[in-house]
>>> print(open('coords29.cif').read())   # mmCIF, C-alpha atoms
data_query
#
loop_
_atom_site.label_atom_id
_atom_site.label_comp_id
_atom_site.auth_asym_id
_atom_site.auth_seq_id
_atom_site.Cartn_x
_atom_site.Cartn_y
_atom_site.Cartn_z
CA MET A 1 17.97 18.90 1.24
CA SER A 2 19.14 15.65 -0.35
CA ASN A 3 21.59 14.56 2.38
CA PRO A 4 19.83 15.41 5.65
CA THR A 5 21.39 14.68 9.01
CA PHE A 6 19.68 14.45 12.38
CA SER A 7 21.77 17.23 13.88
CA LYS A 8 20.99 19.69 11.11
CA ILE A 9 17.35 18.96 10.31
CA GLU A 10 14.88 21.21 12.10
CA THR A 11 11.25 20.64 13.01
CA GLY A 12 9.07 22.45 10.52
CA TYR A 13 11.33 21.60 7.58
CA ALA A 14 9.03 21.49 4.53
CA PHE A 15 9.49 18.92 1.77
CA PRO A 16 8.86 19.66 -1.91
CA SER A 17 5.26 18.74 -2.70
CA VAL A 18 4.25 15.77 -4.87
CA ALA A 19 1.33 15.76 -7.31
CA GLN A 20 -0.10 12.43 -8.48
CA SER A 21 -2.76 11.89 -11.13
CA TYR A 22 -5.65 9.55 -10.28
CA ALA A 23 -6.79 9.26 -13.89
CA GLN A 24 -8.41 5.88 -14.63
CA SER A 25 -5.24 4.82 -16.48
CA ALA A 26 -3.15 5.52 -13.37
CA ILE A 27 -5.61 3.65 -11.14
CA ASP A 28 -5.65 0.72 -13.61
CA HIS A 29 -1.86 0.50 -13.57
CA TYR A 30 -1.82 0.61 -9.78
CA ALA A 31 -4.45 -2.17 -9.65
CA LEU A 32 -2.21 -4.52 -11.63
CA ALA A 33 0.99 -3.49 -9.89
CA SER A 34 -0.50 -4.02 -6.43
CA LEU A 35 -2.75 -6.93 -7.44
CA ASP A 36 -5.63 -5.15 -5.67
CA MET A 37 -8.26 -5.77 -8.33
CA ASN A 38 -11.29 -4.73 -6.31
CA PRO A 39 -13.86 -3.55 -8.91
CA VAL A 40 -14.51 -0.34 -6.98
CA HIS A 41 -11.26 0.83 -8.56
CA THR A 42 -11.47 -0.56 -12.08
CA ASN A 43 -15.03 -1.40 -13.10
CA GLU A 44 -16.99 1.79 -13.83
CA GLU A 45 -20.32 0.01 -14.37
CA TRP A 46 -20.14 -1.93 -11.12
CA ALA A 47 -18.93 1.13 -9.21
CA ALA A 48 -21.94 3.07 -10.51
CA ARG A 49 -24.34 0.35 -9.35
CA ALA A 50 -22.72 -0.49 -6.01
CA GLN A 51 -21.86 3.09 -4.93
CA VAL A 52 -19.59 1.84 -2.15
CA PHE A 53 -18.68 5.41 -1.23
CA GLY A 54 -22.05 6.92 -2.10
CA MET A 55 -20.96 8.08 -5.53
CA PRO A 56 -21.29 6.44 -8.94
CA VAL A 57 -17.64 6.48 -9.98
CA THR A 58 -14.46 4.51 -9.43
CA VAL A 59 -12.02 5.66 -6.77
CA GLY A 60 -8.29 5.31 -6.28
CA HIS A 61 -6.89 2.65 -3.97
CA GLY A 62 -6.26 3.69 -0.38
CA MET A 63 -2.87 2.03 -0.76
CA MET A 64 -2.19 4.21 -3.82
CA THR A 65 -2.94 7.26 -1.68
CA MET A 66 -0.63 5.88 1.03
CA SER A 67 2.06 5.45 -1.62
CA THR A 68 1.65 9.04 -2.80
CA LEU A 69 1.91 10.30 0.78
CA ALA A 70 5.06 8.24 1.43
CA SER A 71 6.62 9.39 -1.83
CA VAL A 72 6.83 12.98 -0.56
CA VAL A 73 9.51 11.83 1.87
CA THR A 74 11.22 9.16 -0.22
CA ARG A 75 11.55 11.38 -3.32
CA ALA A 76 13.33 14.02 -1.26
CA TRP A 77 15.48 11.82 0.95
CA GLY A 78 15.46 8.43 -0.79
CA VAL A 79 14.00 5.08 0.23
CA ILE A 80 17.59 4.56 1.31
CA GLY A 81 19.35 7.90 1.46
CA LYS A 82 22.71 8.69 -0.11
CA ASN A 83 24.14 9.21 3.37
CA GLY A 84 22.50 6.17 4.93
CA GLY A 85 19.07 7.41 5.96
CA SER A 86 16.15 5.04 5.56
CA ILE A 87 12.43 4.87 5.93
CA ARG A 88 11.18 2.98 9.01
CA TYR A 89 7.37 3.21 8.92
CA VAL A 90 4.35 4.78 7.26
CA ASP A 91 1.10 5.20 9.20
CA SER A 92 -1.83 6.52 7.13
CA LYS A 93 -5.43 7.49 7.67
CA PHE A 94 -7.84 8.12 4.85
CA THR A 95 -10.42 10.86 5.20
CA LYS A 96 -12.07 11.16 1.76
CA PRO A 97 -12.17 8.79 -1.23
CA VAL A 98 -10.13 9.96 -4.21
CA LYS A 99 -12.48 10.09 -7.18
CA VAL A 100 -11.25 9.06 -10.60
CA GLY A 101 -9.83 12.03 -12.49
CA GLU A 102 -8.53 13.78 -9.38
CA THR A 103 -5.02 15.03 -8.78
CA VAL A 104 -3.70 14.58 -5.28
CA THR A 105 -1.15 17.03 -3.99
CA ALA A 106 0.82 15.93 -0.96
CA THR A 107 2.88 18.15 1.31
CA ALA A 108 4.98 17.31 4.36
CA LYS A 109 6.86 18.81 7.27
CA VAL A 110 9.17 17.39 9.92
CA LYS A 111 7.00 17.20 13.02
CA GLN A 112 9.26 15.71 15.71
CA LYS A 113 12.86 14.68 16.26
CA HIS A 114 13.32 11.46 18.22
CA PHE A 115 16.62 11.37 20.14
CA HIS A 116 17.64 7.76 20.75
CA GLY A 117 21.42 8.08 20.68
CA PRO A 118 24.10 7.98 17.98
CA GLY A 119 23.07 5.85 15.03
CA LYS A 120 19.52 5.40 16.36
CA ASN A 121 17.94 8.82 15.79
CA TRP A 122 14.93 9.34 13.60
CA VAL A 123 12.38 11.97 12.70
CA GLN A 124 8.63 11.89 12.36
CA VAL A 125 7.24 13.58 9.28
CA LEU A 126 3.59 14.62 8.95
CA VAL A 127 2.25 14.33 5.39
CA GLU A 128 -1.08 15.64 4.13
CA GLY A 129 -2.81 14.90 0.84
CA LYS A 130 -5.45 17.16 -0.69
CA ASP A 131 -7.60 16.80 -3.79
CA SER A 132 -8.26 19.50 -6.39
CA THR A 133 -11.03 21.03 -4.24
CA GLY A 134 -8.60 21.46 -1.36
CA ASP A 135 -10.24 18.77 0.76
CA LEU A 136 -8.00 16.58 2.91
CA ILE A 137 -8.08 13.04 1.44
CA GLY A 138 -5.66 11.50 3.90
CA PHE A 139 -2.65 12.06 6.08
CA ALA A 140 0.30 10.04 7.20
CA GLU A 141 3.09 9.93 9.70
CA VAL A 142 6.35 8.75 8.22
CA GLY A 143 9.27 7.67 10.39
CA TYR A 144 12.69 8.16 8.82
CA ASN A 145 16.08 7.12 10.24
CA LEU A 146 18.71 9.84 9.83
CA PRO A 147 22.46 9.67 10.26
CA ASP A 148 23.76 11.78 13.14
CA MET B 149 -17.98 -10.44 -13.48
CA ALA B 150 -15.55 -9.86 -16.29
CA VAL B 151 -12.50 -7.74 -15.59
CA PRO B 152 -12.44 -4.82 -18.08
CA ALA B 153 -10.37 -5.80 -21.12
CA ARG B 154 -8.48 -2.49 -21.08
CA LEU B 155 -6.58 -3.74 -18.01
CA ASP B 156 -4.74 -6.32 -20.12
CA LYS B 157 -2.29 -3.70 -21.33
CA TYR B 158 -1.02 -3.24 -17.76
CA VAL B 159 -0.08 -6.90 -17.36
CA ARG B 160 3.72 -6.77 -17.22
CA THR B 161 4.88 -9.41 -14.73
CA GLU B 162 4.69 -13.16 -14.52
CA LYS B 163 2.63 -12.98 -11.32
CA GLN B 164 0.14 -10.59 -12.93
CA ARG B 165 -0.32 -13.03 -15.83
CA HIS B 166 -1.44 -15.84 -13.53
CA PHE B 167 -3.10 -13.96 -10.66
CA PRO B 168 -6.90 -14.48 -10.36
CA LYS B 169 -7.97 -10.90 -11.13
CA ASP B 170 -11.72 -11.23 -10.89
CA PHE B 171 -12.40 -10.58 -7.19
CA MET B 172 -16.08 -11.43 -7.76
CA THR B 173 -15.34 -15.04 -8.61
CA GLY B 174 -15.37 -17.12 -5.44
CA TRP B 175 -16.30 -14.24 -3.15
CA GLU B 176 -18.39 -16.73 -1.16
CA ASP B 177 -15.11 -18.27 0.08
CA TYR B 178 -13.66 -15.04 1.43
CA GLU B 179 -13.45 -14.76 5.20
CA THR B 180 -16.08 -12.31 6.47
CA TRP B 181 -16.14 -9.89 9.40
CA SER B 182 -18.63 -12.09 11.26
CA GLU B 183 -16.43 -15.20 10.80
CA ALA B 184 -13.10 -13.64 11.78
CA THR B 185 -11.77 -14.46 15.25
CA VAL B 186 -9.25 -12.23 17.03
CA GLY B 187 -6.08 -14.15 17.82
CA GLN B 188 -6.43 -16.62 14.98
CA SER B 189 -3.16 -16.91 13.08
CA GLY B 190 -1.76 -18.82 10.16
CA PRO B 191 0.24 -18.68 6.96
CA ALA B 192 -1.14 -17.04 3.85
CA GLN B 193 -2.06 -19.28 0.93
CA ARG B 194 1.06 -18.61 -1.16
CA THR B 195 4.69 -17.59 -0.77
CA PHE B 196 6.04 -14.70 -2.85
CA VAL B 197 9.39 -14.84 -4.64
CA ILE B 198 10.78 -11.32 -4.96
CA THR B 199 11.64 -10.40 -8.54
CA GLU B 200 12.97 -7.28 -10.17
CA GLU B 201 9.89 -6.94 -12.36
CA ASP B 202 7.54 -6.96 -9.35
CA ILE B 203 9.39 -4.06 -7.75
CA LEU B 204 9.84 -2.21 -11.03
CA ASP B 205 6.15 -2.26 -11.89
CA TYR B 206 5.07 -1.18 -8.40
CA ASN B 207 7.51 1.74 -8.44
CA LYS B 208 6.34 2.84 -11.89
CA ALA B 209 2.67 2.61 -10.88
CA CYS B 210 3.44 5.01 -8.02
CA GLY B 211 4.82 7.52 -10.51
CA GLU B 212 8.43 7.21 -9.40
CA THR B 213 11.11 8.61 -11.70
CA ASP B 214 14.29 8.06 -9.66
CA PRO B 215 16.55 5.77 -11.74
CA LEU B 216 17.40 3.90 -8.53
CA MET B 217 13.74 2.82 -8.55
CA ILE B 218 12.92 2.38 -12.25
CA ASP B 219 16.18 1.70 -14.13
CA PRO B 220 17.51 -1.79 -13.31
CA ASP B 221 20.87 -1.26 -15.02
CA TYR B 222 21.44 2.03 -13.24
CA ALA B 223 20.42 0.48 -9.93
CA ARG B 224 22.82 -2.44 -10.37
CA LYS B 225 25.71 0.02 -10.60
CA ASN B 226 24.57 2.74 -8.19
CA SER B 227 22.07 1.44 -5.65
CA PRO B 228 23.30 0.82 -2.08
CA THR B 229 21.77 -2.67 -2.35
CA GLY B 230 22.87 -3.32 -5.95
CA GLU B 231 19.18 -3.72 -6.80
CA LEU B 232 16.19 -1.49 -7.51
CA LEU B 233 15.08 0.33 -4.38
CA GLN B 234 11.52 -0.61 -3.57
CA HIS B 235 8.74 1.78 -2.67
CA PRO B 236 7.91 1.37 1.04
CA ILE B 237 4.30 0.39 0.27
CA PHE B 238 5.41 -2.47 -2.04
CA VAL B 239 4.28 -4.99 0.60
CA THR B 240 0.76 -4.38 -0.75
CA THR B 241 1.62 -6.52 -3.77
CA ILE B 242 3.11 -9.27 -1.61
CA ALA B 243 -0.01 -9.33 0.55
CA PHE B 244 -2.61 -9.46 -2.23
CA TYR B 245 -0.66 -12.16 -4.07
CA SER B 246 0.03 -14.24 -0.98
CA LEU B 247 -3.36 -14.13 0.76
CA GLY B 248 -5.01 -15.76 -2.23
CA GLU B 249 -8.68 -16.54 -2.59
CA ASN B 250 -9.71 -18.55 0.47
CA GLY B 251 -8.79 -18.78 4.11
CA ILE B 252 -7.63 -16.32 6.73
CA GLY B 253 -7.28 -12.70 5.66
CA THR B 254 -9.06 -13.05 2.33
CA TRP B 255 -11.45 -10.33 3.50
CA ILE B 256 -8.87 -7.99 1.96
CA ARG B 257 -10.56 -8.81 -1.41
CA THR B 258 -14.11 -8.06 -0.22
CA PRO B 259 -16.35 -6.08 -2.58
CA GLY B 260 -17.78 -3.16 -0.62
CA ALA B 261 -14.77 -2.85 1.71
CA ARG B 262 -13.53 0.62 2.69
CA ASN B 263 -10.03 1.59 3.78
CA PRO B 264 -9.77 3.68 6.97
CA HIS B 265 -6.19 3.25 8.22
CA GLN B 266 -2.98 1.36 7.49
CA ARG B 267 0.41 1.05 9.15
CA ILE B 268 3.47 -0.47 7.52
CA GLU B 269 6.85 -0.90 9.19
CA ILE B 270 9.96 -1.56 7.12
CA ILE B 271 12.58 -3.68 8.90
CA GLU B 272 14.95 -4.18 5.94
CA PRO B 273 14.61 -4.07 2.14
CA PHE B 274 13.52 -7.18 0.28
CA LYS B 275 16.15 -8.77 -1.98
CA TYR B 276 15.65 -10.40 -5.35
CA GLY B 277 15.12 -14.14 -4.99
CA GLU B 278 13.93 -14.03 -1.41
CA ILE B 279 11.00 -16.33 -0.73
CA VAL B 280 8.60 -14.38 1.45
CA THR B 281 6.17 -16.12 3.77
CA THR B 282 3.30 -14.00 5.05
CA THR B 283 1.89 -14.85 8.47
CA VAL B 284 -1.59 -13.53 9.15
CA THR B 285 -2.91 -12.77 12.63
CA THR B 286 -6.39 -11.37 13.15
CA SER B 287 -5.61 -8.56 15.59
CA GLN B 288 -8.71 -6.40 16.11
CA LYS B 289 -12.41 -6.61 15.46
CA PHE B 290 -14.82 -3.95 16.63
CA VAL B 291 -17.79 -1.78 15.69
CA GLN B 292 -17.35 1.99 15.82
CA ARG B 293 -20.15 4.39 14.95
CA GLY B 294 -22.02 1.45 13.46
CA LYS B 295 -19.18 0.41 11.16
CA PRO B 296 -17.59 -3.06 11.42
CA TYR B 297 -13.76 -2.75 11.52
CA LEU B 298 -11.37 -5.65 11.09
CA GLN B 299 -7.59 -5.56 11.41
CA MET B 300 -4.94 -8.17 10.70
CA LEU B 301 -1.21 -8.07 11.30
CA LEU B 302 0.78 -9.38 8.36
CA ASP B 303 4.36 -10.42 9.16
CA PHE B 304 6.63 -10.89 6.16
CA HIS B 305 9.62 -13.24 6.71
CA ASN B 306 12.21 -14.44 4.21
CA GLU B 307 13.24 -18.07 3.78
CA LYS B 308 15.88 -17.65 6.51
CA GLY B 309 13.30 -16.50 9.03
CA ALA B 310 14.32 -12.84 9.00
CA LEU B 311 11.43 -10.43 9.59
CA LYS B 312 11.42 -7.96 6.68
CA ALA B 313 8.25 -5.91 7.17
CA ARG B 314 4.98 -5.73 9.13
CA TRP B 315 1.60 -4.43 8.00
CA TRP B 316 -1.33 -3.68 10.30
CA CYS B 317 -4.08 -3.86 7.68
CA SER B 318 -7.50 -2.45 8.59
CA LEU B 319 -10.73 -2.35 6.62
CA ILE B 320 -14.36 -1.45 7.23
CA LEU B 321 -16.28 -4.44 5.89
CA PRO B 322 -19.76 -5.62 5.06
CA GLU B 323 -20.57 -7.55 8.24
CA THR B 324 -21.95 -10.86 7.00
CA GLN B 325 -21.88 -12.92 3.84
CA ALA B 326 -25.38 -11.63 3.06
CA ASP B 327 -24.05 -8.07 3.30
CA VAL B 328 -21.15 -8.95 1.00
CA ALA B 329 -23.63 -10.51 -1.44
CA ARG B 330 -25.41 -7.16 -1.85
CA PHE B 331 -22.19 -5.72 -3.24
CA ALA B 332 -21.13 -8.83 -5.14
CA ASN B 333 -24.48 -8.98 -6.89
CA ALA B 334 -24.82 -5.25 -7.53
#
>>> encode(input="coords29.cif", output="C-alpha cells")
Amino acid sequence: MSNPTFSKIETGYAFPSVAQSYAQSAIDHYALASLDMNPVHTNEEWAARAQVFGMPVTVGHGMMTMSTLASVVTRAWGVIGKNGGSIRYVDSKFTKPVKVGETVTATAKVKQKHFHGPGKNWVQVLVEGKDSTGDLIGFAEVGYNLPD
Amino acid sequence: MAVPARLDKYVRTEKQRHFPKDFMTGWEDYETWSEATVGQSGPAQRTFVITEEDILDYNKACGETDPLMIDPDYARKNSPTGELLQHPIFVTTIAFYSLGENGIGTWIRTPGARNPHQRIEIIEPFKYGEIVTTTVTTSQKFVQRGKPYLQMLLDFHNEKGALKARWWCSLILPETQADVARFANA
C-alpha cells in the first residue's frame, strides 16, 4: 500500500519486511555517516579487549538499528508520502546487541489508529527487529501522520 | 588510539573530513554520569549547517534505495520539498557533530556506553542551508538494576528559531571518570 489513508488503513496491516546487513563494512559506513565513532563499533582489537557487551567483537550502532526499524515504515509509505503522509516520531528500545556479521530483519504492523479529527489523524506502528538466530534485538513504535 | 585506516574510504563529506574521529582522545573532558546534573541546559559546542551531502551519506549508510533519498537530481525534480528526503534518524549526525568534545552532553561519546532506549520526534524536515542549533538539557539520571542511566533532551532549532526535531537520548554509562578510564585504557 503506497498511498495509505487513515480511513482505509486497518489495525494489523503488515508492512513488507526489511533486511539490513551489519557486516563490518556497513557498520563502518554508518559510523562515518552518523559521526558516532565509538570504537565499540569500529575497532576490533579494542572491542575484543574491552568487551563492553560481554563479547569480543564489534557491534552495530543502536542508532543504526533504530534506523533499520524506522525504514520498514518509511520504505513502504515514504518519509513524506506521495499523498501527504509523514513520519512524526520513532521510539526505540534495544534488547540485544547486534554482533558484526549479523543480518537484521525488521517487520511491522499497524498497532493503533489515533483519531484526532480531519487532517490530524495518525497511526502507531509496532516494529520488531530480529537477528539471524531469531532473537529480538530491538523494537520500535513509529508514529505516522496519514491523510484522511 | 588510532582510528582504523580502513575507515578513510568512507569519508565523503566535508564535516567527516574535519570531525575529530578518535573518541579516545580527550575522553577525560567528556561529561560523566556522576558530574551530570538534571535540569542543566545549554547550547551544544557547534552549530550544524545542513548540506545535501550530509543527508545523502546518512541515507546511503542506512541502505536506502529510494531515488528521493539518494539521487539529488531526481529529488530536485520530484521530491515534495525539492530536496533529498532525509531519513528520520538523521538527527544522529547533527547531534554527534554539534555536541563536540567537551561540555554538556559529551557523554554521548563515552567508551563503554550502552544504548537502551531512544525517542526522536520529527517536527518538520530540515532544509539545505539551515543553520541548526542544538540545545541540550539533562533530563533524567537514575540507577536501575545497578545500571547508571542518563538522558538528555536535544532540541534542534533552525536560525529562525523554528523547532525542527527533538531527541530524548538515553545511555547506560560508566558511572565515574575512573570507570570510564577502565574502558578508555582497555
>>> resolve_selection(input="coords29.cif", expression="the PyMOL selection byres ((chain B) within 7 of (chain A))", output="ChimeraX atom specification")
/B:152,155,158-159,164,169-171,205-206,209-210,233,235,237,240-241,244-245,257,259-260,263-271,331,334
>>> atom_distance(input="coords29.cif", atom1="atom CA of B:Glu249", atom2="atom CA of B:Lys208")
26.2 Å
>>> atom_distance(input="coords29.cif", atom1="atom CA of B:Asp221", atom2="atom CA of B:Leu204")
11.8 Å
>>> residues_around(input="coords29.cif", residues="B:Leu216", least_positions_apart="5", cutoff="7 Å", atoms="all atoms listed in the file", output="number ranges by chain")
B: 222-223, 227, 232-233
>>> closest_residue(input="coords29.cif", among="A:Gln124, A:Phe15, A:Thr133, A:Val100", to="A:Pro56", atoms="only C-alpha atoms")
A:Val100
>>> closest_residue(input="coords29.cif", among="B:Ile252, B:Lys312, B:Cys317, B:Glu272", to="B:Glu183", atoms="all atoms listed in the file")
B:Ile252
>>> resolve_selection(input="coords29.cif", expression="the PyMOL selection byres ((chain B and resi 174) around 12)", output="PyMOL selection string")
chain B and resi 149+168-173+175-179+248-251+254-255+257-259+328-329+332
>>> residues_near_point(input="coords29.cif", point="(16.9, -13.8, 6.8)", cutoff="12 Å", atoms="only C-alpha atoms", output="list in words")
Ile271, Glu272, Pro273, Phe274, Lys275, Gly277, Glu278, Ile279, Val280, Thr281, Phe304, His305, Asn306, Glu307, Lys308, Gly309, Ala310, Leu311, Lys312 and Ala313 of chain B
>>> atom_distance(input="coords29.cif", atom1="atom CA of B:Pro296", atom2="atom CA of B:Ile320")
5.5 Å
>>> axis_aligned_box(input="coords29.cif", around="stretch 66-82 of chain A", padding_each_side="6 Å", output="JSON")
{"center_x": 11.0, "center_y": 9.3, "center_z": -0.7, "size_x": 35.3, "size_y": 21.5, "size_z": 17.2}
>>> residues_around(input="coords29.cif", residues="A:Gly119", least_positions_apart="6", cutoff="10 Å", atoms="only C-alpha atoms", output="list in words")
Phe6, Asn145, Leu146, Pro147 and Asp148 of chain A
